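Have a look at final-v3.tsv below; it lists TSV, C-alpha atoms.
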```tsv
chain	number	residue	atom	x	y	z
G	1	MET	CA	5.56	3.75	-0.45
G	2	ASN	CA	1.93	2.61	-0.52
G	3	LEU	CA	0.92	0.55	-3.51
G	4	VAL	CA	-2.57	1.97	-3.91
G	5	ALA	CA	-4.06	5.43	-3.65
G	6	GLY	CA	-7.53	6.66	-4.47
G	7	GLU	CA	-10.24	4.36	-5.80
G	8	PRO	CA	-11.21	1.14	-3.97
G	9	LYS	CA	-9.97	-1.98	-5.73
G	10	GLU	CA	-12.01	-4.91	-6.98
G	11	VAL	CA	-11.13	-8.11	-5.13
G	12	ARG	CA	-11.70	-11.31	-7.07
G	13	LEU	CA	-11.60	-15.00	-6.24
G	14	GLU	CA	-11.04	-17.59	-8.93
G	15	LYS	CA	-10.16	-21.27	-9.11
G	16	GLN	CA	-6.68	-21.94	-10.46
G	17	ALA	CA	-4.32	-24.89	-10.79
G	18	TYR	CA	-1.01	-24.18	-9.09
G	19	GLY	CA	2.10	-26.20	-8.29
G	20	GLY	CA	0.50	-29.48	-9.31
G	21	TRP	CA	-2.66	-28.95	-7.23
G	22	ALA	CA	-5.73	-28.67	-9.45
G	23	ASN	CA	-8.07	-26.92	-7.01
G	24	CYS	CA	-6.28	-23.87	-5.67
G	25	LEU	CA	-7.98	-20.51	-5.12
G	26	ARG	CA	-6.45	-17.20	-6.24
G	27	LEU	CA	-7.46	-14.08	-4.36
G	28	SER	CA	-6.34	-10.85	-6.03
G	29	ASP	CA	-7.05	-7.13	-6.24
G	30	GLY	CA	-4.96	-6.72	-9.40
G	31	LEU	CA	-1.91	-5.49	-7.50
G	32	GLN	CA	-1.32	-8.26	-4.99
G	33	GLU	CA	-2.36	-11.89	-5.04
G	34	LEU	CA	-2.40	-14.91	-2.82
G	35	ILE	CA	-3.04	-18.55	-3.63
G	36	VAL	CA	-4.69	-20.94	-1.19
G	37	THR	CA	-4.58	-24.71	-1.54
G	38	THR	CA	-7.75	-26.76	-1.06
G	39	ASP	CA	-6.36	-30.20	-1.94
G	40	ILE	CA	-4.36	-29.90	1.29
G	41	GLY	CA	-4.29	-27.37	4.10
G	42	PRO	CA	-5.35	-24.94	5.30
G	43	ARG	CA	-2.36	-23.28	3.66
G	44	VAL	CA	-1.52	-20.13	1.70
G	45	ILE	CA	1.17	-21.25	-0.75
G	46	ARG	CA	1.77	-17.90	-2.49
G	47	TYR	CA	1.67	-14.22	-1.58
G	48	GLY	CA	3.24	-11.55	-3.74
G	49	LEU	CA	2.74	-8.59	-5.99
G	50	ALA	CA	0.93	-9.61	-9.18
G	51	GLY	CA	3.42	-10.83	-11.75
G	52	ARG	CA	6.33	-10.68	-9.29
G	53	HIS	CA	8.16	-13.28	-7.24
G	54	ASN	CA	6.49	-15.28	-4.49
G	55	MET	CA	7.51	-13.91	-1.10
G	56	PHE	CA	6.76	-17.34	0.37
G	57	LYS	CA	9.03	-20.36	0.06
G	58	GLU	CA	7.87	-23.30	-2.05
G	59	TYR	CA	9.37	-26.80	-1.82
G	60	PRO	CA	9.28	-28.06	-5.45
G	61	GLU	CA	9.61	-31.71	-4.45
G	62	MET	CA	6.44	-31.45	-2.33
G	63	LEU	CA	4.21	-29.34	-4.58
G	64	GLY	CA	1.16	-31.21	-5.83
G	65	LYS	CA	1.42	-33.99	-3.26
G	66	THR	CA	-1.61	-35.08	-1.25
G	67	GLY	CA	-2.41	-37.82	1.25
G	68	GLY	CA	-0.06	-39.85	3.37
G	69	SER	CA	0.57	-39.88	7.10
G	70	GLU	CA	3.85	-37.94	7.16
G	71	TRP	CA	3.95	-34.21	7.83
G	72	ARG	CA	5.26	-32.12	4.91
G	73	ILE	CA	6.36	-28.53	5.16
G	74	TYR	CA	5.23	-27.69	1.55
G	75	GLY	CA	6.09	-24.00	2.10
G	76	GLY	CA	3.81	-20.98	2.35
G	77	HIS	CA	1.81	-20.05	5.41
G	78	ARG	CA	0.33	-22.56	7.84
G	79	LEU	CA	-1.39	-22.79	11.24
G	80	TRP	CA	-0.05	-24.83	14.16
G	81	HIS	CA	-0.71	-24.91	17.87
G	82	ALA	CA	2.01	-24.28	20.45
G	83	PRO	CA	3.97	-25.29	22.43
G	84	GLU	CA	5.90	-27.42	19.98
G	85	ILE	CA	5.59	-31.08	20.90
G	86	MET	CA	6.27	-34.17	18.83
G	87	PRO	CA	4.06	-35.68	17.49
G	88	ARG	CA	1.13	-33.37	18.41
G	89	THR	CA	2.41	-30.28	16.63
G	90	TYR	CA	3.29	-32.20	13.46
G	91	ALA	CA	-0.19	-33.49	12.64
G	92	PRO	CA	-0.18	-33.70	8.81
G	93	ASP	CA	-2.38	-31.39	6.73
G	94	ASN	CA	-2.41	-33.60	3.65
G	95	ARG	CA	-6.17	-33.94	3.20
G	96	PRO	CA	-8.61	-31.74	1.26
G	97	VAL	CA	-10.17	-28.80	3.08
G	98	GLU	CA	-13.58	-27.17	2.89
G	99	HIS	CA	-13.81	-23.60	1.65
G	100	GLU	CA	-16.50	-20.93	1.62
G	101	TRP	CA	-16.54	-17.51	-0.07
G	102	ARG	CA	-18.99	-15.13	1.59
G	103	ASN	CA	-19.17	-11.35	1.74
G	104	GLY	CA	-15.55	-10.94	0.67
G	105	LEU	CA	-14.24	-13.52	3.14
G	106	LEU	CA	-12.53	-16.74	2.11
G	107	VAL	CA	-12.86	-19.31	4.90
G	108	VAL	CA	-10.83	-22.53	4.66
G	109	THR	CA	-11.43	-25.31	7.19
G	110	GLN	CA	-9.63	-28.62	7.59
G	111	PRO	CA	-11.08	-31.90	8.89
G	112	VAL	CA	-10.53	-32.58	12.59
G	113	GLU	CA	-6.99	-33.72	13.32
G	114	THR	CA	-7.43	-37.32	14.39
G	115	SER	CA	-4.36	-37.22	16.62
G	116	THR	CA	-5.32	-34.04	18.52
G	117	GLY	CA	-9.07	-33.44	18.21
G	118	ILE	CA	-8.32	-29.91	16.95
G	119	ARG	CA	-9.85	-28.42	13.79
G	120	LYS	CA	-7.91	-25.61	12.11
G	121	GLN	CA	-9.47	-22.80	10.13
G	122	ILE	CA	-8.01	-19.79	8.30
G	123	GLU	CA	-10.12	-16.83	7.17
G	124	LEU	CA	-8.71	-14.37	4.62
G	125	CYS	CA	-10.01	-10.95	3.68
G	126	MET	CA	-8.19	-8.83	1.09
G	127	SER	CA	-9.16	-5.23	1.69
G	128	ALA	CA	-10.63	-3.27	-1.22
G	129	GLU	CA	-9.65	0.05	0.43
G	130	ARG	CA	-6.24	-0.72	1.96
G	131	ASP	CA	-3.12	-2.52	0.77
G	132	GLU	CA	-3.48	-5.38	3.21
G	133	VAL	CA	-4.86	-8.83	3.91
G	134	ARG	CA	-6.43	-9.75	7.24
G	135	VAL	CA	-5.76	-13.36	8.21
G	136	VAL	CA	-7.75	-14.84	11.10
G	137	HIS	CA	-6.64	-18.20	12.49
G	138	ARG	CA	-9.00	-20.37	14.53
G	139	LEU	CA	-8.46	-23.53	16.54
G	140	TYR	CA	-11.59	-25.49	17.50
G	141	ASN	CA	-11.47	-28.03	20.31
G	142	THR	CA	-13.65	-31.03	19.41
G	143	ASN	CA	-12.45	-33.13	22.35
G	144	LEU	CA	-14.48	-33.92	25.47
G	145	TRP	CA	-11.89	-32.21	27.67
G	146	ASP	CA	-10.14	-28.85	27.94
G	147	VAL	CA	-7.00	-28.30	25.88
G	148	GLU	CA	-4.38	-25.65	26.64
G	149	LEU	CA	-2.65	-24.31	23.55
G	150	ALA	CA	-1.67	-21.17	21.69
G	151	PRO	CA	-2.44	-20.39	18.05
G	152	TRP	CA	0.81	-20.33	16.10
G	153	ALA	CA	0.90	-18.75	12.62
G	154	LEU	CA	4.04	-19.64	10.67
G	155	THR	CA	4.98	-17.91	7.42
G	156	VAL	CA	7.77	-19.61	5.46
G	157	MET	CA	9.63	-16.92	3.53
G	158	ALA	CA	11.59	-17.45	0.31
G	159	GLN	CA	15.38	-17.63	0.23
G	160	GLY	CA	17.74	-14.69	0.15
G	161	GLY	CA	15.92	-12.07	2.24
G	162	ARG	CA	16.24	-10.74	5.76
G	163	VAL	CA	13.82	-10.23	8.60
G	164	ILE	CA	13.73	-7.00	10.59
G	165	ILE	CA	12.59	-7.26	14.22
G	166	PRO	CA	11.90	-4.13	16.30
G	167	GLN	CA	13.27	-3.71	19.81
G	168	GLU	CA	12.07	-1.62	22.71
G	169	GLU	CA	13.46	1.90	22.61
G	170	PHE	CA	17.03	2.43	23.76
G	171	ARG	CA	17.36	4.09	27.18
G	172	ALA	CA	20.55	5.02	28.97
G	173	HIS	CA	21.57	3.04	32.05
G	174	ASP	CA	20.96	5.94	34.42
G	175	ALA	CA	17.52	6.70	32.91
G	176	TYR	CA	15.78	3.34	33.41
G	177	PHE	CA	16.89	0.36	35.48
G	178	LEU	CA	14.41	-2.45	34.72
G	179	PRO	CA	14.76	-4.93	31.83
G	180	ALA	CA	12.82	-4.21	28.65
G	181	ARG	CA	13.88	-6.51	25.79
G	182	PRO	CA	13.10	-10.20	26.45
G	183	VAL	CA	14.78	-12.35	23.80
G	184	VAL	CA	14.55	-16.15	23.96
G	185	LEU	CA	17.36	-18.37	22.67
G	186	TRP	CA	17.27	-22.03	21.71
G	187	HIS	CA	20.09	-24.48	22.42
G	188	TYR	CA	21.28	-24.19	18.82
G	189	THR	CA	21.11	-20.37	18.62
G	190	ASP	CA	24.58	-18.99	17.89
G	191	MET	CA	24.73	-15.25	18.52
G	192	SER	CA	28.09	-15.05	16.75
G	193	ASP	CA	26.65	-16.35	13.47
G	194	PRO	CA	27.17	-13.69	10.75
G	195	ARG	CA	23.52	-13.95	9.68
G	196	TRP	CA	22.61	-11.93	12.79
G	197	THR	CA	22.87	-8.16	13.10
G	198	TRP	CA	22.26	-7.09	16.70
G	199	GLY	CA	21.47	-3.37	16.51
G	200	ARG	CA	20.34	-0.74	18.96
G	201	LYS	CA	16.80	-0.50	17.53
G	202	TYR	CA	16.45	-3.64	15.41
G	203	ILE	CA	17.55	-7.24	15.27
G	204	GLN	CA	18.12	-8.49	11.72
G	205	LEU	CA	18.43	-12.10	10.57
G	206	ARG	CA	19.46	-12.97	7.03
G	207	GLN	CA	18.46	-16.09	5.13
G	208	ASP	CA	21.58	-17.59	3.54
G	209	PRO	CA	21.22	-20.67	1.28
G	210	ALA	CA	24.91	-21.41	1.85
G	211	ARG	CA	24.48	-21.93	5.60
G	212	ASP	CA	22.63	-25.04	6.70
G	213	THR	CA	22.92	-24.64	10.47
G	214	PRO	CA	19.58	-23.52	11.95
G	215	GLN	CA	19.11	-20.35	13.95
G	216	LYS	CA	16.13	-19.28	16.05
G	217	ILE	CA	15.05	-16.63	18.52
G	218	GLY	CA	11.80	-15.69	20.22
G	219	ALA	CA	10.86	-12.20	21.33
G	220	ARG	CA	8.29	-10.43	23.46
G	221	ASN	CA	7.43	-8.18	20.55
G	222	THR	CA	5.25	-5.43	22.00
G	223	PHE	CA	5.31	-3.55	18.68
G	224	GLY	CA	3.48	-6.47	17.07
G	225	TRP	CA	5.22	-6.38	13.70
G	226	ALA	CA	8.11	-7.85	11.75
G	227	ALA	CA	9.21	-7.22	8.15
G	228	TYR	CA	10.89	-9.41	5.53
G	229	ALA	CA	12.75	-7.72	2.68
G	230	LEU	CA	13.46	-9.65	-0.53
G	231	ASP	CA	14.33	-8.46	-4.05
G	232	GLY	CA	12.82	-5.01	-3.79
G	233	VAL	CA	9.63	-6.04	-1.97
G	234	VAL	CA	8.91	-5.86	1.76
G	235	PHE	CA	6.39	-8.13	3.48
G	236	VAL	CA	5.05	-6.80	6.80
G	237	LYS	CA	3.32	-9.11	9.25
G	238	ARG	CA	1.40	-7.57	12.15
G	239	ALA	CA	-0.25	-9.32	15.07
G	240	PRO	CA	-1.72	-7.89	18.29
G	241	PHE	CA	0.33	-8.05	21.47
G	242	HIS	CA	-1.58	-8.62	24.74
G	243	LYS	CA	0.57	-7.24	27.55
G	244	ASP	CA	-1.14	-9.15	30.38
G	245	ALA	CA	-1.27	-12.51	28.58
G	246	ILE	CA	0.99	-15.52	29.03
G	247	TYR	CA	2.76	-16.55	25.83
G	248	PRO	CA	4.53	-19.85	25.11
G	249	ASP	CA	8.29	-20.32	25.01
G	250	PHE	CA	9.24	-18.02	27.90
G	251	GLY	CA	6.87	-15.29	26.73
G	252	SER	CA	7.50	-15.23	22.99
G	253	SER	CA	4.81	-13.47	20.95
G	254	MET	CA	6.92	-13.76	17.79
G	255	GLU	CA	9.59	-16.25	16.75
G	256	PHE	CA	12.06	-16.40	13.86
G	257	PHE	CA	13.77	-19.47	12.44
G	258	THR	CA	16.10	-19.95	9.50
G	259	ASN	CA	18.10	-22.67	7.79
G	260	ALA	CA	19.51	-23.08	4.29
G	261	ASP	CA	16.04	-23.46	2.74
G	262	MET	CA	13.99	-20.62	4.16
G	263	LEU	CA	13.25	-18.19	6.98
G	264	GLU	CA	10.09	-18.39	9.10
G	265	VAL	CA	8.32	-15.33	10.49
G	266	GLU	CA	6.02	-16.65	13.22
G	267	SER	CA	3.46	-14.99	15.45
G	268	LEU	CA	1.80	-16.60	18.45
G	269	GLY	CA	-1.33	-15.95	20.43
G	270	PRO	CA	-1.52	-16.24	24.22
G	271	LEU	CA	-1.71	-19.64	25.88
G	272	THR	CA	-5.42	-20.37	26.21
G	273	ARG	CA	-7.42	-23.14	27.87
G	274	VAL	CA	-10.08	-24.04	25.30
G	275	ALA	CA	-13.17	-25.85	26.59
G	276	PRO	CA	-14.84	-28.67	24.64
G	277	GLY	CA	-16.64	-27.13	21.68
G	278	GLY	CA	-14.72	-23.88	22.16
G	279	CYS	CA	-12.49	-21.91	19.85
G	280	VAL	CA	-9.54	-19.55	20.11
G	281	GLU	CA	-8.68	-16.91	17.47
G	282	HIS	CA	-5.46	-15.23	16.44
G	283	ALA	CA	-5.38	-12.49	13.77
G	284	GLU	CA	-2.61	-11.18	11.56
G	285	THR	CA	-2.46	-8.40	8.97
G	286	TRP	CA	-0.23	-8.79	5.92
G	287	SER	CA	0.94	-6.10	3.54
G	288	LEU	CA	3.43	-5.69	0.70
G	289	ALA	CA	5.35	-2.68	-0.58
G	290	GLU	CA	8.08	-2.00	-3.09
G	291	ALA	CA	11.11	-0.92	-1.07
G	292	ARG	CA	14.82	-1.65	-0.68
G	293	PRO	CA	15.84	-0.80	2.88
G	294	GLY	CA	19.51	-0.40	3.63
G	295	ASP	CA	21.24	-2.30	6.39
G	296	ASP	CA	21.51	0.79	8.58
G	297	GLU	CA	18.83	1.53	11.16
G	298	GLU	CA	18.15	5.03	9.83
G	299	SER	CA	17.12	3.53	6.49
G	300	ILE	CA	14.88	1.02	8.23
G	301	ASP	CA	13.32	3.81	10.30
G	302	ARG	CA	12.41	5.76	7.18
G	303	MET	CA	10.89	2.72	5.48
G	304	MET	CA	8.89	1.45	8.41
G	305	GLY	CA	7.68	4.93	9.28
G	306	SER	CA	5.86	4.88	5.96
G	307	LEU	CA	4.75	1.24	5.93
G	308	LEU	CA	3.25	1.29	9.41
G	309	VAL	CA	1.05	4.35	8.86
G	310	VAL	CA	-2.49	3.43	9.92
```
Re-express the file's structure as structure tokens.
Amino acid sequence: MNLVAGEPKEVRLEKQAYGGWANCLRLSDGLQELIVTTDIGPRVIRYGLAGRHNMFKEYPEMLGKTGGSEWRIYGGHRLWHAPEIMPRTYAPDNRPVEHEWRNGLLVVTQPVETSTGIRKQIELCMSAERDEVRVVHRLYNTNLWDVELAPWALTVMAQGGRVIIPQEEFRAHDAYFLPARPVVLWHYTDMSDPRWTWGRKYIQLRQDPARDTPQKIGARNTFGWAAYALDGVVFVKRAPFHKDAIYPDFGSSMEFFTNADMLEVESLGPLTRVAPGGCVEHAETWSLAEARPGDDEESIDRMMGSLLVV
């Protein structure tokens, strides 16, 4: 199931025009690649196996655009701060960002958000030894007062796939009495929608371009992973879970949203009070593998047993 075995890979960074933006950066080890915008951001607009489809959603009508005061989704992977509040959360990321390449790390930093006093930064490291990318998100507080927030890393996945969400192990009623699977529902969540599969070990949510009604759930995901399967490739996102921390949205460490355009796989850090001049970090690990899991939980077990090997 792993893409690479044996020799360490050579990781390269090169400038590349992409999607109408002239100054993107392509990070690749020859097997997987990601593309980061610098004309806007910080944002990763593409992640996929080299020469294969983009696992991330792109909005063609927004590609190449810069400037303006309105927030644009663009697609790809972005950094927000939770809880979601209008207009704070929707500060636009339409301006150029600074970038630095040092010791195998690509660090992309935006100007301070004028509406919030927060500066966002994403650091990416594509491992030469392992089939993974480490993504560190940072929020800097440049205000003169404390700010309480949570780092919120949102990955907008391309159409037609499904996300797989692990649940706490099944236990019989007479074996354990306390609750174990916190799931958070929004007002518009419809549990009868056919895009959902509510299983014993996994929750699955399918992206369907023919259905425009949104769906969303949050979860206290102690396993710290979720997987998105699309056209023979599986994207795995992992983020640490801190059992004693307080998470936004009734304790959600991961959230999942879909509409007709895309499906978002989101991880959140704990709510943190950040002092003036302070910073909070939230890390994810991304990986890709060629796999076609079935809908049944036994098939998912076999796949994830291989993909999650440390």
Between atom CA of G:Tyr74 and atom CA of G:Val11, what is the spacing in Å?
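Going from atom CA of G:Val11 over to atom CA of G:Tyr74 covers 26.4 Å.
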So that I can see what lies close to G:Ile40, please list as a CSV table (one decimal) with C-alpha atoms, in the coordinates of the input the residues with an atom at most 7 Å from it, counting only C-alpha atoms and leaving out residues fewer than 4 positions away in the same chain.
```csv
chain,number,residue,atom,x,y,z
G,66,THR,CA,-1.6,-35.1,-1.2
G,93,ASP,CA,-2.4,-31.4,6.7
G,94,ASN,CA,-2.4,-33.6,3.6
G,95,ARG,CA,-6.2,-33.9,3.2
G,96,PRO,CA,-8.6,-31.7,1.3
G,97,VAL,CA,-10.2,-28.8,3.1
```
With all atoms listed in the file as the atoms that count, which of G:Ala180, G:Ile203, G:Ala150, G:Met62 lies nearest to G:His137?
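The answer is G:Ala150, which sits nearest to G:His137.
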Grab the atom CA of G:Ala245 to atom CA of G:Val280 distance for me, in Å with one decimal place.
13.8 Å
Pick from G:Leu34, G:Ala91, G:Ile45, G:Ala275, whichever lies nearest to G:Leu63 using all atoms listed in the file
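Of G:Leu34, G:Ala91, G:Ile45, G:Ala275, the one nearest G:Leu63 is G:Ile45, counting all atoms listed in the file.
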Excluding G:Arg46 and any residue of its chain fewer than 4 positions from it, enumerate the residues within 8 Å of it, using all atoms listed in the file, and give them as a ChimeraX atom specification.
/G:33-36,54-56,76
Within 12 Å of G:Met86, counting all atoms listed in the file, which residues show up once you throw out same-chain ones fewer than 5 positions away? Write them as a ChimeraX atom specification, please.
/G:71,81,91-92,115-116
Could you tell me how far atom CA of G:Val274 sits from atom CA of G:Pro248, in Å to one decimal place?
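These atoms are spaced 15.2 Å apart.
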Quick one: residues within 8 Å of G:Pro240, only C-alpha atoms, excluding same-chain residues fewer than 6 positions away - as an MDAnalysis selection string?
chainID G and resid 224 283:284
Write the residues of the preceding selection, restricted to C-alpha atoms, as a short mmCIF file (atom, residue, chain, number, x, y, z; two decimals), in the frame of the given file.
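File result_29.cif, as written:
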```cif
data_model
loop_
_atom_site.label_atom_id
_atom_site.label_comp_id
_atom_site.auth_asym_id
_atom_site.auth_seq_id
_atom_site.Cartn_x
_atom_site.Cartn_y
_atom_site.Cartn_z
CA GLY G 224 3.48 -6.47 17.07
CA ALA G 283 -5.38 -12.49 13.77
CA GLU G 284 -2.61 -11.18 11.56
#
```
Which residue of G:Arg134, G:His173, G:Arg88, G:Lys201 approaches G:Ser299 most closely, using all atoms listed in the file
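When distances to G:Ser299 are compared using all atoms listed in the file, the smallest one comes from G:Lys201.
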List the spatial neighbours of G:Ile246 as a list in words - criterion: any atom at most 8 Å away, all atoms listed in the file, same-chain residues fewer than 2 positions off excluded.
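With the cut-off at 8 Å, the set is Asp244, Pro248, Gly251, Pro270 and Leu271 of chain G.
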Those same residues, written as an mmCIF file, in the frame of the given file with C-alpha atoms?
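Written output follows (selection-v4.cif):
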```cif
data_model
loop_
_atom_site.group_PDB
_atom_site.id
_atom_site.type_symbol
_atom_site.label_atom_id
_atom_site.label_comp_id
_atom_site.auth_asym_id
_atom_site.auth_seq_id
_atom_site.Cartn_x
_atom_site.Cartn_y
_atom_site.Cartn_z
ATOM 1 C CA ASP G 244 -1.140 -9.150 30.380
ATOM 2 C CA PRO G 248 4.530 -19.850 25.110
ATOM 3 C CA GLY G 251 6.870 -15.290 26.730
ATOM 4 C CA PRO G 270 -1.520 -16.240 24.220
ATOM 5 C CA LEU G 271 -1.710 -19.640 25.880
#
```
Please report, as a tab-separated table, each residue of stretch 97-151 of chain G lying at most 12 Å from stretch 24-30 of chain G, together with the nearest pair of atoms and the separation in Å rounded to one decimal; use all atoms listed in the file, and order rows by chain and ascending residue number.
```
residue	atom	partner	partner_atom	distance
G:Val97	CA	G:Cys24	CA	10.8
G:Glu98	CA	G:Cys24	CA	11.7
G:His99	CA	G:Leu25	CA	9.5
G:Glu100	CA	G:Leu25	CA	10.9
G:Trp101	CA	G:Leu25	CA	10.4
G:Gly104	CA	G:Leu27	CA	10.0
G:Leu105	CA	G:Leu27	CA	10.1
G:Leu106	CA	G:Leu27	CA	8.6
G:Val107	CA	G:Leu25	CA	11.2
G:Val108	CA	G:Leu25	CA	10.4
G:Leu124	CA	G:Leu27	CA	9.1
G:Cys125	CA	G:Leu27	CA	9.0
G:Met126	CA	G:Leu27	CA	7.6
G:Ser127	CA	G:Asp29	CA	8.4
G:Ala128	CA	G:Asp29	CA	7.3
G:Glu129	CA	G:Asp29	CA	10.1
G:Arg130	CA	G:Asp29	CA	10.4
G:Asp131	CA	G:Asp29	CA	9.3
G:Glu132	CA	G:Asp29	CA	10.3
G:Val133	CA	G:Leu27	CA	10.1
```
Those same residues - C-alpha atoms - I'd like them written as a PDB file, in the coordinates of the input.
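Below you can see out_24.pdb, which holds the result:
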```pdb
ATOM      1  CA  VAL G  97     -10.170 -28.800   3.080  1.00  0.00           C
ATOM      2  CA  GLU G  98     -13.580 -27.170   2.890  1.00  0.00           C
ATOM      3  CA  HIS G  99     -13.810 -23.600   1.650  1.00  0.00           C
ATOM      4  CA  GLU G 100     -16.500 -20.930   1.620  1.00  0.00           C
ATOM      5  CA  TRP G 101     -16.540 -17.510  -0.070  1.00  0.00           C
ATOM      6  CA  GLY G 104     -15.550 -10.940   0.670  1.00  0.00           C
ATOM      7  CA  LEU G 105     -14.240 -13.520   3.140  1.00  0.00           C
ATOM      8  CA  LEU G 106     -12.530 -16.740   2.110  1.00  0.00           C
ATOM      9  CA  VAL G 107     -12.860 -19.310   4.900  1.00  0.00           C
ATOM     10  CA  VAL G 108     -10.830 -22.530   4.660  1.00  0.00           C
ATOM     11  CA  LEU G 124      -8.710 -14.370   4.620  1.00  0.00           C
ATOM     12  CA  CYS G 125     -10.010 -10.950   3.680  1.00  0.00           C
ATOM     13  CA  MET G 126      -8.190  -8.830   1.090  1.00  0.00           C
ATOM     14  CA  SER G 127      -9.160  -5.230   1.690  1.00  0.00           C
ATOM     15  CA  ALA G 128     -10.630  -3.270  -1.220  1.00  0.00           C
ATOM     16  CA  GLU G 129      -9.650   0.050   0.430  1.00  0.00           C
ATOM     17  CA  ARG G 130      -6.240  -0.720   1.960  1.00  0.00           C
ATOM     18  CA  ASP G 131      -3.120  -2.520   0.770  1.00  0.00           C
ATOM     19  CA  GLU G 132      -3.480  -5.380   3.210  1.00  0.00           C
ATOM     20  CA  VAL G 133      -4.860  -8.830   3.910  1.00  0.00           C
TER      21      VAL G 133
END
```
With distances taken over all atoms listed in the file, which residue among G:Tyr90, G:Phe170, G:Tyr176, G:Trp186 lies nearest G:Tyr202?
G:Phe170
Within 6 Å of (16.1, -16.5, -0.9) in the file's own coordinates, which protein, DNA or RNA residues have an atom, counting only C-alpha atoms? List them as a ChimeraX atom specification.
/G:158-161
Since the input lacks atoms, please generate N, CA and C atoms for stretch 43-57 of chain G and provide them as a compact mmCIF listing (two decimals), keeping the file's coordinate frame.
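File produced: part.txt:
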```
# COMPACT_ATOMS: atom_id res chain seq x y z
N ARG G 43 -3.69 -23.80 3.96
CA ARG G 43 -2.36 -23.28 3.66
C ARG G 43 -2.45 -22.23 2.55
N VAL G 44 -1.71 -21.13 2.75
CA VAL G 44 -1.52 -20.13 1.70
C VAL G 44 -0.14 -20.41 1.10
N ILE G 45 -0.09 -20.83 -0.15
CA ILE G 45 1.17 -21.25 -0.75
C ILE G 45 1.89 -20.09 -1.45
N ARG G 46 1.14 -19.04 -1.81
CA ARG G 46 1.77 -17.90 -2.49
C ARG G 46 1.20 -16.59 -1.98
N TYR G 47 2.08 -15.60 -1.81
CA TYR G 47 1.67 -14.22 -1.58
C TYR G 47 2.73 -13.32 -2.21
N GLY G 48 2.29 -12.44 -3.08
CA GLY G 48 3.24 -11.55 -3.74
C GLY G 48 2.53 -10.49 -4.54
N LEU G 49 3.29 -9.55 -5.06
CA LEU G 49 2.74 -8.59 -5.99
C LEU G 49 2.43 -9.32 -7.30
N ALA G 50 1.35 -8.95 -7.95
CA ALA G 50 0.93 -9.61 -9.18
C ALA G 50 2.05 -9.56 -10.21
N GLY G 51 2.38 -10.73 -10.74
CA GLY G 51 3.42 -10.83 -11.75
C GLY G 51 4.84 -10.82 -11.22
N ARG G 52 5.00 -10.72 -9.91
CA ARG G 52 6.33 -10.68 -9.29
C ARG G 52 6.59 -11.99 -8.55
N HIS G 53 7.75 -12.06 -7.92
CA HIS G 53 8.16 -13.28 -7.24
C HIS G 53 7.28 -13.57 -6.03
N ASN G 54 7.18 -14.85 -5.70
CA ASN G 54 6.49 -15.28 -4.49
C ASN G 54 7.34 -14.93 -3.29
N MET G 55 6.78 -14.21 -2.33
CA MET G 55 7.51 -13.91 -1.10
C MET G 55 7.62 -15.14 -0.20
N PHE G 56 6.76 -16.13 -0.44
CA PHE G 56 6.76 -17.34 0.37
C PHE G 56 7.61 -18.42 -0.29
N LYS G 57 8.24 -19.23 0.53
CA LYS G 57 9.03 -20.36 0.06
C LYS G 57 8.11 -21.47 -0.45
```
